[in-house]
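model31.json (JSON, C-alpha atoms and all ligand atoms)
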```
[["chain", "number", "residue", "atom", "x", "y", "z"],
["A", 1, "MET", "CA", 89.97, 63.46, 3.22],
["A", 2, "LYS", "CA", 87.53, 60.71, 2.27],
["A", 3, "GLN", "CA", 86.13, 60.80, -1.25],
["A", 4, "LEU", "CA", 82.54, 59.85, -1.93],
["A", 5, "ILE", "CA", 81.21, 59.67, -5.47],
["A", 6, "ILE", "CA", 77.46, 59.53, -5.81],
["A", 7, "PHE", "CA", 76.45, 58.24, -9.19],
["A", 8, "ALA", "CA", 73.28, 59.82, -10.54],
["A", 9, "THR", "CA", 71.93, 56.75, -12.28],
["A", 10, "GLY", "CA", 69.08, 54.32, -11.79],
["A", 11, "ASN", "CA", 70.48, 51.89, -14.36],
["A", 12, "LYS", "CA", 71.83, 48.75, -12.65],
["A", 13, "GLY", "CA", 73.94, 47.74, -15.69],
["A", 14, "LYS", "CA", 75.72, 51.08, -15.63],
["A", 15, "ILE", "CA", 76.36, 51.06, -11.89],
["A", 16, "ARG", "CA", 77.84, 47.53, -12.07],
["A", 17, "GLU", "CA", 80.29, 48.64, -14.75],
["A", 18, "ILE", "CA", 81.09, 51.91, -12.94],
["A", 19, "ARG", "CA", 82.01, 50.02, -9.74],
["A", 20, "ASP", "CA", 84.39, 47.83, -11.73],
["A", 21, "ILE", "CA", 85.98, 50.84, -13.43],
["A", 22, "ILE", "CA", 86.48, 53.04, -10.33],
["A", 23, "THR", "CA", 88.87, 50.84, -8.38],
["A", 24, "ASP", "CA", 90.57, 53.38, -6.06],
["A", 25, "PRO", "CA", 90.11, 51.82, -2.59],
["A", 26, "ASP", "CA", 89.90, 55.29, -0.97],
["A", 27, "THR", "CA", 86.92, 56.30, -3.07],
["A", 28, "GLU", "CA", 83.48, 55.07, -2.11],
["A", 29, "VAL", "CA", 80.89, 54.85, -4.88],
["A", 30, "LEU", "CA", 77.20, 54.97, -4.02],
["A", 31, "SER", "CA", 74.26, 54.92, -6.39],
["A", 32, "MET", "CA", 71.77, 57.75, -5.85],
["A", 33, "LYS", "CA", 69.35, 55.18, -4.40],
["A", 34, "GLU", "CA", 71.92, 53.96, -1.87],
["A", 35, "ALA", "CA", 72.65, 57.59, -0.94],
["A", 36, "GLY", "CA", 68.95, 58.45, -0.62],
["A", 37, "VAL", "CA", 69.17, 61.26, -3.18],
["A", 38, "GLU", "CA", 67.08, 59.96, -6.04],
["A", 39, "ALA", "CA", 66.34, 62.62, -8.62],
["A", 40, "ASP", "CA", 64.55, 62.03, -11.90],
["A", 41, "PRO", "CA", 64.95, 65.25, -13.86],
["A", 42, "ASP", "CA", 63.61, 65.75, -17.37],
["A", 43, "GLU", "CA", 66.39, 64.70, -19.70],
["A", 44, "ASN", "CA", 65.46, 67.41, -22.17],
["A", 45, "GLY", "CA", 68.94, 68.33, -23.38],
["A", 46, "ALA", "CA", 69.87, 68.15, -27.05],
["A", 47, "SER", "CA", 73.05, 66.10, -26.53],
["A", 48, "PHE", "CA", 74.54, 63.37, -24.34],
["A", 49, "GLU", "CA", 76.70, 66.05, -22.67],
["A", 50, "GLU", "CA", 73.73, 68.28, -21.82],
["A", 51, "ASN", "CA", 71.72, 65.38, -20.41],
["A", 52, "ALA", "CA", 74.65, 64.14, -18.33],
["A", 53, "LEU", "CA", 74.99, 67.59, -16.74],
["A", 54, "ILE", "CA", 71.23, 67.83, -16.14],
["A", 55, "LYS", "CA", 71.35, 64.56, -14.16],
["A", 56, "ALA", "CA", 74.49, 65.41, -12.14],
["A", 57, "ARG", "CA", 73.19, 68.91, -11.36],
["A", 58, "ALA", "CA", 69.81, 67.60, -10.15],
["A", 59, "VAL", "CA", 71.41, 65.22, -7.65],
["A", 60, "ALA", "CA", 73.96, 67.83, -6.49],
["A", 61, "GLU", "CA", 71.05, 70.23, -5.92],
["A", 62, "LEU", "CA", 69.13, 67.60, -3.92],
["A", 63, "ILE", "CA", 72.20, 66.94, -1.76],
["A", 64, "ARG", "CA", 72.56, 70.68, -1.10],
["A", 65, "ARG", "CA", 68.91, 70.91, -0.11],
["A", 66, "GLN", "CA", 68.99, 67.83, 2.15],
["A", 67, "LYS", "CA", 72.19, 69.09, 3.78],
["A", 68, "ASN", "CA", 70.53, 72.42, 4.61],
["A", 69, "GLU", "CA", 67.48, 70.62, 5.97],
["A", 70, "GLY", "CA", 69.65, 68.18, 7.93],
["A", 71, "THR", "CA", 68.03, 65.20, 6.21],
["A", 72, "LEU", "CA", 71.05, 63.75, 4.38],
["A", 73, "SER", "CA", 71.27, 60.00, 4.94],
["A", 74, "PHE", "CA", 75.08, 59.87, 4.73],
["A", 75, "ASP", "CA", 77.85, 61.44, 6.76],
["A", 76, "THR", "CA", 79.72, 64.35, 5.18],
["A", 77, "GLU", "CA", 82.20, 64.77, 8.03],
["A", 78, "ASP", "CA", 85.77, 64.70, 6.59],
["A", 79, "THR", "CA", 84.23, 63.66, 3.28],
["A", 80, "GLN", "CA", 84.26, 65.31, -0.09],
["A", 81, "VAL", "CA", 81.21, 64.55, -2.15],
["A", 82, "THR", "CA", 81.31, 64.46, -5.93],
["A", 83, "VAL", "CA", 78.29, 63.72, -8.08],
["A", 84, "MET", "CA", 78.81, 61.96, -11.38],
["A", 85, "SER", "CA", 76.36, 60.86, -14.06],
["A", 86, "ASP", "CA", 76.37, 58.94, -17.32],
["A", 87, "ASP", "CA", 74.22, 59.74, -20.32],
["A", 88, "SER", "CA", 74.78, 57.27, -23.08],
["A", 89, "GLY", "CA", 73.28, 55.63, -26.11],
["A", 90, "LEU", "CA", 73.67, 53.86, -29.39],
["A", 91, "VAL", "CA", 74.28, 55.92, -32.53],
["A", 92, "ILE", "CA", 73.55, 54.00, -35.76],
["A", 93, "ASP", "CA", 74.86, 55.64, -38.93],
["A", 94, "ALA", "CA", 72.35, 54.02, -41.33],
["A", 95, "LEU", "CA", 69.48, 55.33, -39.16],
["A", 96, "GLY", "CA", 70.75, 58.91, -39.17],
["A", 97, "GLY", "CA", 72.12, 58.56, -35.62],
["A", 98, "GLU", "CA", 69.04, 56.91, -34.08],
["A", 99, "PRO", "CA", 68.26, 55.94, -31.37],
["A", 100, "GLY", "CA", 71.00, 58.26, -30.01],
["A", 101, "ILE", "CA", 70.01, 60.27, -26.95],
["A", 102, "TYR", "CA", 66.65, 58.47, -27.05],
["A", 103, "SER", "CA", 68.18, 54.98, -26.70],
["A", 104, "ALA", "CA", 66.56, 54.23, -23.32],
["A", 105, "ARG", "CA", 63.18, 55.62, -24.44],
["A", 106, "TYR", "CA", 63.24, 54.05, -27.93],
["A", 107, "LEU", "CA", 59.95, 52.09, -28.43],
["A", 108, "GLY", "CA", 59.18, 52.68, -24.74],
["A", 109, "TYR", "CA", 61.40, 52.85, -21.66],
["A", 110, "ASP", "CA", 60.19, 49.51, -20.25],
["A", 111, "THR", "CA", 60.09, 47.65, -23.56],
["A", 112, "ASP", "CA", 62.08, 44.42, -23.69],
["A", 113, "TYR", "CA", 65.49, 44.92, -25.31],
["A", 114, "ASN", "CA", 65.18, 41.82, -27.49],
["A", 115, "TYR", "CA", 62.13, 43.45, -29.06],
["A", 116, "LYS", "CA", 63.89, 46.80, -29.48],
["A", 117, "MET", "CA", 66.87, 45.12, -31.17],
["A", 118, "GLU", "CA", 64.65, 43.02, -33.42],
["A", 119, "GLN", "CA", 62.79, 46.13, -34.57],
["A", 120, "ILE", "CA", 66.05, 47.93, -35.32],
["A", 121, "MET", "CA", 67.38, 44.92, -37.26],
["A", 122, "LYS", "CA", 64.13, 44.86, -39.24],
["A", 123, "ARG", "CA", 64.58, 48.53, -40.13],
["A", 124, "MET", "CA", 68.11, 47.69, -41.25],
["A", 125, "GLU", "CA", 67.22, 44.53, -43.22],
["A", 126, "ASN", "CA", 68.49, 45.97, -46.49],
["A", 127, "VAL", "CA", 71.53, 47.74, -45.10],
["A", 128, "PRO", "CA", 74.69, 45.96, -46.33],
["A", 129, "ASP", "CA", 77.40, 45.04, -43.82],
["A", 130, "PRO", "CA", 79.86, 47.85, -44.64],
["A", 131, "GLU", "CA", 77.10, 50.37, -43.88],
["A", 132, "ARG", "CA", 76.02, 48.86, -40.55],
["A", 133, "THR", "CA", 78.52, 50.94, -38.56],
["A", 134, "ALA", "CA", 77.47, 52.26, -35.16],
["A", 135, "ARG", "CA", 78.93, 53.46, -31.89],
["A", 136, "PHE", "CA", 78.06, 53.54, -28.25],
["A", 137, "VAL", "CA", 78.64, 57.02, -26.84],
["A", 138, "ALA", "CA", 78.82, 57.99, -23.18],
["A", 139, "ALA", "CA", 78.99, 61.44, -21.65],
["A", 140, "VAL", "CA", 80.07, 61.45, -18.03],
["A", 141, "GLY", "CA", 79.05, 64.61, -16.18],
["A", 142, "ALA", "CA", 80.24, 65.71, -12.77],
["A", 143, "VAL", "CA", 79.74, 68.30, -10.08],
["A", 144, "PHE", "CA", 82.97, 68.43, -8.09],
["A", 145, "PRO", "CA", 83.02, 69.27, -4.35],
["A", 146, "ASP", "CA", 83.61, 72.98, -5.13],
["A", 147, "GLY", "CA", 80.47, 73.07, -7.30],
["A", 148, "SER", "CA", 82.36, 73.20, -10.61],
["A", 149, "GLU", "CA", 80.78, 71.30, -13.49],
["A", 150, "HIS", "CA", 82.61, 69.06, -15.94],
["A", 151, "VAL", "CA", 81.69, 66.75, -18.80],
["A", 152, "VAL", "CA", 83.71, 64.33, -20.95],
["A", 153, "THR", "CA", 82.77, 61.75, -23.59],
["A", 154, "GLY", "CA", 83.92, 58.37, -24.83],
["A", 155, "ALA", "CA", 82.91, 56.14, -27.74],
["A", 156, "MET", "CA", 83.17, 52.48, -28.77],
["A", 157, "GLU", "CA", 82.90, 51.65, -32.48],
["A", 158, "GLY", "CA", 81.12, 48.57, -33.78],
["A", 159, "VAL", "CA", 78.66, 47.16, -36.28],
["A", 160, "ILE", "CA", 74.98, 46.21, -35.95],
["A", 161, "ALA", "CA", 74.81, 42.41, -36.21],
["A", 162, "HIS", "CA", 72.07, 40.35, -37.89],
["A", 163, "GLY", "CA", 71.17, 38.54, -34.67],
["A", 164, "ILE", "CA", 71.27, 38.67, -30.89],
["A", 165, "TYR", "CA", 74.25, 37.00, -29.19],
["A", 166, "GLY", "CA", 75.54, 36.82, -25.63],
["A", 167, "LEU", "CA", 74.27, 37.34, -22.09],
["A", 168, "ASN", "CA", 76.78, 39.78, -20.61],
["A", 169, "GLY", "CA", 76.40, 43.55, -20.46],
["A", 170, "PHE", "CA", 72.95, 45.09, -20.77],
["A", 171, "GLY", "CA", 70.69, 47.06, -23.12],
["A", 172, "TYR", "CA", 71.79, 46.92, -26.75],
["A", 173, "ASP", "CA", 74.98, 44.90, -26.15],
["A", 174, "PRO", "CA", 73.75, 41.59, -27.67],
["A", 175, "PHE", "CA", 73.57, 42.95, -31.25],
["A", 176, "PHE", "CA", 76.56, 45.29, -31.10],
["A", 177, "TYR", "CA", 79.31, 43.42, -32.96],
["A", 178, "LEU", "CA", 82.96, 44.18, -32.35],
["A", 179, "PRO", "CA", 84.89, 43.08, -35.47],
["A", 180, "GLU", "CA", 88.26, 42.95, -33.66],
["A", 181, "TYR", "CA", 86.86, 40.40, -31.16],
["A", 182, "GLY", "CA", 84.57, 38.54, -33.56],
["A", 183, "LYS", "CA", 81.95, 38.84, -30.79],
["A", 184, "THR", "CA", 79.22, 41.17, -29.59],
["A", 185, "SER", "CA", 79.76, 43.33, -26.54],
["A", 186, "ALA", "CA", 77.46, 40.92, -24.67],
["A", 187, "GLU", "CA", 79.84, 38.02, -25.47],
["A", 188, "ILE", "CA", 83.08, 39.56, -24.23],
["A", 189, "THR", "CA", 83.70, 39.62, -20.48],
["A", 190, "GLU", "CA", 82.71, 42.64, -18.41],
["A", 191, "GLU", "CA", 86.41, 43.29, -17.83],
["A", 192, "GLU", "CA", 87.11, 43.28, -21.57],
["A", 193, "LYS", "CA", 84.16, 45.58, -22.19],
["A", 194, "ASN", "CA", 85.20, 48.07, -19.50],
["A", 195, "ALA", "CA", 88.69, 48.27, -21.04],
["A", 196, "ILE", "CA", 87.36, 49.42, -24.43],
["A", 197, "SER", "CA", 83.88, 50.78, -23.78],
["A", 198, "HIS", "CA", 82.50, 54.29, -24.21],
["A", 199, "ARG", "CA", 81.74, 54.30, -20.45],
["A", 200, "GLY", "CA", 85.21, 53.03, -19.49],
["A", 201, "LYS", "CA", 86.90, 55.69, -21.62],
["A", 202, "ALA", "CA", 84.71, 58.58, -20.45],
["A", 203, "LEU", "CA", 84.90, 57.55, -16.80],
["A", 204, "ARG", "CA", 88.68, 57.21, -16.86],
["A", 205, "SER", "CA", 88.93, 60.70, -18.45],
["A", 206, "MET", "CA", 86.67, 62.08, -15.71],
["A", 207, "ILE", "CA", 88.71, 60.39, -12.96],
["A", 208, "ALA", "CA", 91.88, 61.92, -14.48],
["A", 209, "LEU", "CA", 90.21, 65.39, -14.42],
["A", 210, "PHE", "CA", 89.14, 64.80, -10.83],
["A", 211, "ASP", "CA", 92.62, 63.68, -9.74],
["A", 212, "GLU", "CA", 94.04, 66.82, -11.39],
["A", 213, "TRP", "CA", 91.48, 68.96, -9.52],
["A", 214, "ARG", "CA", 92.44, 67.30, -6.24],
["A", 215, "ARG", "CA", 96.15, 67.94, -6.91],
["A", 216, "ARG", "CA", 95.46, 71.60, -7.73],
["A", 217, "ASN", "CA", 93.48, 71.94, -4.53],
["A", 218, "SER", "CA", 96.12, 70.01, -2.54],
["A", 219, "ILE", "CA", 93.66, 67.41, -1.35],
["A", 220, "ASP", "CA", 95.15, 64.05, -0.50],
["B", 1, "LIG", "P1", 69.99, 56.77, -16.03],
["B", 1, "LIG", "O1", 69.49, 57.97, -16.81],
["B", 1, "LIG", "O2", 69.30, 56.57, -14.73],
["B", 1, "LIG", "O3", 71.48, 56.75, -15.89],
["B", 1, "LIG", "P2", 69.08, 55.26, -18.36],
["B", 1, "LIG", "O4", 69.07, 53.79, -18.70],
["B", 1, "LIG", "O5", 67.78, 56.02, -18.50],
["B", 1, "LIG", "O6", 69.65, 55.41, -16.86],
["B", 1, "LIG", "P3", 70.30, 56.84, -20.46],
["B", 1, "LIG", "O7", 69.20, 57.83, -20.56],
["B", 1, "LIG", "O8", 71.72, 57.34, -20.46],
["B", 1, "LIG", "O9", 70.22, 55.94, -19.16],
["B", 1, "LIG", "O10", 70.13, 55.79, -21.63],
["B", 1, "LIG", "C1", 71.16, 54.96, -21.99],
["B", 1, "LIG", "C2", 70.63, 53.79, -22.81],
["B", 1, "LIG", "O11", 71.55, 53.52, -23.86],
["B", 1, "LIG", "C3", 70.59, 52.52, -21.97],
["B", 1, "LIG", "O12", 69.34, 52.39, -21.33],
["B", 1, "LIG", "C4", 70.85, 51.47, -23.01],
["B", 1, "LIG", "O13", 69.69, 51.19, -23.72],
["B", 1, "LIG", "C5", 71.82, 52.15, -23.97],
["B", 1, "LIG", "N1", 73.22, 51.89, -23.57],
["B", 1, "LIG", "C6", 74.09, 52.78, -23.04],
["B", 1, "LIG", "N2", 75.26, 52.20, -22.75],
["B", 1, "LIG", "C7", 75.12, 50.92, -23.10],
["B", 1, "LIG", "C8", 75.97, 49.80, -23.02],
["B", 1, "LIG", "O14", 77.19, 49.87, -22.50],
["B", 1, "LIG", "N3", 75.52, 48.63, -23.48],
["B", 1, "LIG", "C9", 74.28, 48.52, -23.98],
["B", 1, "LIG", "N4", 73.40, 49.51, -24.07],
["B", 1, "LIG", "C10", 73.81, 50.71, -23.63]]
```
Entire entry expressed as C-alpha cells:
Amino acid sequence: MKQLIIFATGNKGKIREIRDIITDPDTEVLSMKEAGVEADPDENGASFEENALIKARAVAELIRRQKNEGTLSFDTEDTQVTVMSDDSGLVIDALGGEPGIYSARYLGYDTDYNYKMEQIMKRMENVPDPERTARFVAAVGAVFPDGSEHVVTGAMEGVIAHGIYGLNGFGYDPFFYLPEYGKTSAEITEEEKNAISHRGKALRSMIALFDEWRRRNSID
C-alpha cells in the first residue's frame, strides 16, 4: 500500500526541513498546496499541541469533503493518506514564554524577521547571558488513515544571542545560539539542524507512532 503524507503547512522553511527528515522512499510527502487541499483554519488553540491538531483536522476534513465531491486532485487508489501538521515557535524564558504560540504573528505575520529579532533583542538588552535561555518547540499533529488523531512534541534548547548570524534555516534561527556548536541555528547546516531540532525530534516521534500503527494494522 502506498503511503502519502500531506503536510498541512504553508511555511516553505518547514516543508524543506520536513522533506529532509522523512526519508522513507515509499512515502510521498506533499504540501497542502501541492495536494490542492489548502486550509487556513483559525489557530485559536491555547497550546502548540491544540493548534497542530486544528491544522491537521482542517486539511483532513477538506480531503474528506473533496473525496465525497469527487474533486480531489490526487489519486487515492491503493494509497493511504495521512495528514500531518507542525505548530511551532520560540519560547523565551526572560519574556515569560513570548512569543510562544504567537511566534509567526509576533509584530505582524508579514513583518521582516530581522526586524522582529532586533525588537526582541532590544527588549532583552538588560538580560544577562545566563538568563537568555530559550527553546524552539514543535508540536506535530496527525490524522492517520483510520481518522485517529495524534500529537507529539519536541524541543531544542538554546540562548538568545546579541546579534543576527547565519543564512541557513528560517524565521528566528539567526539569533538562536546553540552553545554546544558555538553557532546559531542559521549557521549550522540543515542536516545538523534536523538532527537536533524541535521539528526533527517531534517528526521522528510521529513517524515512529505511525510505523507502530501500520504494524498493528498489518499494513506493509
Ligand atoms: P503554518 O501554520 O502554515 O505551518 P506558520 O509559519 O504560520 O506556518 P506556525 O504558526 O507554527 O507556522 O508558526 C511558527 C513560527 O515559529 C514560524 O513562522 C517561525 O517564526 C518560528 N519557528 C518555528 N520553527 C522554527 C525554526 O525551526 N527556526 C526558526 N523559526 C522557527
Note to self: Quick one: residues within 8 Å of Glu157 (chain A), only C-alpha atoms, excluding same-chain residues fewer than 6 positions away - as a ChimeraX atom specification?
What the structure shows: /A:133-136,178
Region 17-27 of chain A: axis-aligned bounding box, 3 Å on each side, centre and edge lengths in Å, one decimal, as AutoDock Vina command-line options:
```
--center_x 85.4 --center_y 52.1 --center_z -7.9 --size_x 16.3 --size_y 14.5 --size_z 19.8
```
Next item on the list: Would you mind listing what lies within 7 Å of region 77-87 of chain A as a PyMOL selection string, with all atoms listed in the file counted and same-chain residues fewer than 5 positions away left out?
Entry: chain A and resi 1-9+48+51-52+55-56+60+138-145
Selection above as a file: C-alpha atoms, as an mmCIF file, keeping the file's coordinate frame:
```
data_model
loop_
_atom_site.group_PDB
_atom_site.id
_atom_site.type_symbol
_atom_site.label_atom_id
_atom_site.label_comp_id
_atom_site.auth_asym_id
_atom_site.auth_seq_id
_atom_site.Cartn_x
_atom_site.Cartn_y
_atom_site.Cartn_z
ATOM 1 C CA MET A 1 89.970 63.460 3.220
ATOM 2 C CA LYS A 2 87.530 60.710 2.270
ATOM 3 C CA GLN A 3 86.130 60.800 -1.250
ATOM 4 C CA LEU A 4 82.540 59.850 -1.930
ATOM 5 C CA ILE A 5 81.210 59.670 -5.470
ATOM 6 C CA ILE A 6 77.460 59.530 -5.810
ATOM 7 C CA PHE A 7 76.450 58.240 -9.190
ATOM 8 C CA ALA A 8 73.280 59.820 -10.540
ATOM 9 C CA THR A 9 71.930 56.750 -12.280
ATOM 10 C CA PHE A 48 74.540 63.370 -24.340
ATOM 11 C CA ASN A 51 71.720 65.380 -20.410
ATOM 12 C CA ALA A 52 74.650 64.140 -18.330
ATOM 13 C CA LYS A 55 71.350 64.560 -14.160
ATOM 14 C CA ALA A 56 74.490 65.410 -12.140
ATOM 15 C CA ALA A 60 73.960 67.830 -6.490
ATOM 16 C CA ALA A 138 78.820 57.990 -23.180
ATOM 17 C CA ALA A 139 78.990 61.440 -21.650
ATOM 18 C CA VAL A 140 80.070 61.450 -18.030
ATOM 19 C CA GLY A 141 79.050 64.610 -16.180
ATOM 20 C CA ALA A 142 80.240 65.710 -12.770
ATOM 21 C CA VAL A 143 79.740 68.300 -10.080
ATOM 22 C CA PHE A 144 82.970 68.430 -8.090
ATOM 23 C CA PRO A 145 83.020 69.270 -4.350
#
```
Next item on the list: Around ligand LIG 1 (chain B), at most 6 Å away and counting only C-alpha atoms and all ligand atoms, which residues are there? Put them as a list in words, please.
Entry: Thr9, Gly10, Asn11, Asp86, Asp87, Ser88, Gly89, Leu90, Ser103, Ala104, Gly169, Phe170, Gly171, Tyr172 and Asp173 of chain A
Notebook entry, point to check: From the set A:Val151, A:Ile15, A:Asp20, A:Gly163, which residue has the shortest atom-to-atom contact distance to Glu190 (chain A), counting all atoms listed in the file?
Noted result: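 Counting all atoms listed in the file, the residue closest to Glu190 (chain A) is A:Asp20.
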Note to self: When you count all atoms listed in the file, which of these residues is closest to Ala195 (chain A): A:Met121, A:Ile18, A:Ile101, A:Ala39?
What the structure shows: A:Ile18
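Residue nearest Gly154 (chain A), chosen from A:Glu125, A:Glu49, A:Glu34, A:Glu28 and counting all atoms listed in the file: A:Glu49.
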Notebook entry, point to check: Which is closest to His198 (chain A) among A:Gly158, A:Gly166, A:Gly108, A:Gly97, if we use all atoms listed in the file?
Noted result: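 Looking at the shortest contact to His198 (chain A), the residue is A:Gly158.
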Margin query: For a test of reading the model, state the distance in Å between CA of Thr153 (chain A) and CA of Met206 (chain A), rounded to one decimal.
Written below: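 Between CA of Thr153 (chain A) and CA of Met206 (chain A) the gap works out to 8.8 Å.
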Margin query: Give me the residues near Phe175 (chain A) as a list in words, where near means some atom within 10 Å (using only C-alpha atoms) and where sequence neighbours in that chain fewer than 5 positions away do not count.
Written below: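 Residues meeting the cut-off are Asn114, Met117, Glu118, Ile120, Met121, Gly158, Val159, Ile160, Ala161, His162, Gly163, Ile164, Tyr165, Gly166, Lys183, Thr184, Ser185, Ala186 and Glu187 of chain A.
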Next item on the list: Enter the distance from CA of His150 (chain A) to CA of Arg57 (chain A), in Å, rounded to one decimal.
Entry: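 Interatomic distance, CA of His150 (chain A) to CA of Arg57 (chain A): 10.5 Å.
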Item checked: Length of the CA of Gly96 (chain A) to CA of Leu167 (chain A) vector [Å] ->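 Answer for the CA of Gly96 (chain A) to CA of Leu167 (chain A) separation: 27.7 Å.
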Check: Restricting the calculation to all atoms listed in the file, which member of A:Met156, A:Val91, A:Val59, A:Ala35 is positioned closest to Thr76 (chain A)?
Finding: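 The closest residue to Thr76 (chain A) is A:Ala35.
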Next item on the list: Tell me which of A:Ile22, A:Leu95, A:Ala155, A:Tyr106 sits closest to Asn126 (chain A), counting all atoms listed in the file.
Entry: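 Of A:Ile22, A:Leu95, A:Ala155, A:Tyr106, the one nearest Asn126 (chain A), counting all atoms listed in the file, is A:Leu95.
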All heavy atoms are what I want for region 76-83 of chain A; can you complete it accordingly and write them as a compact mmCIF listing (two decimals), in the coordinates of the input?
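Written file, out09.txt:
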```txt
# COMPACT_ATOMS: atom_id res chain seq x y z
N THR A 76 78.82 63.55 6.03
CA THR A 76 79.72 64.35 5.18
C THR A 76 80.92 64.89 5.97
O THR A 76 81.70 65.68 5.46
CB THR A 76 78.96 65.54 4.53
OG1 THR A 76 78.28 66.24 5.56
CG2 THR A 76 77.99 65.08 3.48
N GLU A 77 81.05 64.40 7.20
CA GLU A 77 82.20 64.77 8.03
C GLU A 77 83.48 64.25 7.37
O GLU A 77 83.55 63.07 7.03
CB GLU A 77 82.01 64.13 9.42
CG GLU A 77 83.03 64.55 10.44
CD GLU A 77 82.55 65.78 11.22
OE1 GLU A 77 81.54 66.41 10.82
OE2 GLU A 77 83.18 66.08 12.21
N ASP A 78 84.49 65.10 7.19
CA ASP A 78 85.77 64.70 6.59
C ASP A 78 85.59 64.02 5.24
O ASP A 78 86.39 63.17 4.85
CB ASP A 78 86.53 63.72 7.50
CG ASP A 78 86.98 64.38 8.78
OD1 ASP A 78 87.30 65.58 8.73
OD2 ASP A 78 86.97 63.71 9.82
N THR A 79 84.51 64.34 4.55
CA THR A 79 84.23 63.66 3.28
C THR A 79 83.97 64.69 2.19
O THR A 79 83.25 65.67 2.41
CB THR A 79 82.97 62.77 3.42
OG1 THR A 79 83.20 61.85 4.48
CG2 THR A 79 82.68 61.99 2.15
N GLN A 80 84.58 64.46 1.06
CA GLN A 80 84.26 65.31 -0.09
C GLN A 80 83.32 64.55 -1.01
O GLN A 80 83.59 63.41 -1.40
CB GLN A 80 85.54 65.63 -0.83
CG GLN A 80 86.35 66.65 -0.06
CD GLN A 80 87.25 67.40 -0.99
OE1 GLN A 80 88.02 66.79 -1.70
NE2 GLN A 80 87.14 68.71 -1.00
N VAL A 81 82.22 65.21 -1.34
CA VAL A 81 81.21 64.55 -2.15
C VAL A 81 81.25 65.08 -3.59
O VAL A 81 81.20 66.28 -3.82
CB VAL A 81 79.80 64.77 -1.55
CG1 VAL A 81 78.76 64.05 -2.39
CG2 VAL A 81 79.74 64.30 -0.11
N THR A 82 81.36 64.14 -4.51
CA THR A 82 81.31 64.46 -5.93
C THR A 82 80.12 63.73 -6.52
O THR A 82 79.87 62.58 -6.18
CB THR A 82 82.60 63.97 -6.63
OG1 THR A 82 83.70 64.64 -6.06
CG2 THR A 82 82.57 64.23 -8.13
N VAL A 83 79.39 64.40 -7.39
CA VAL A 83 78.29 63.72 -8.08
C VAL A 83 78.72 63.47 -9.52
O VAL A 83 79.29 64.36 -10.16
CB VAL A 83 77.00 64.59 -8.08
CG1 VAL A 83 75.89 63.86 -8.83
CG2 VAL A 83 76.56 64.90 -6.67
```
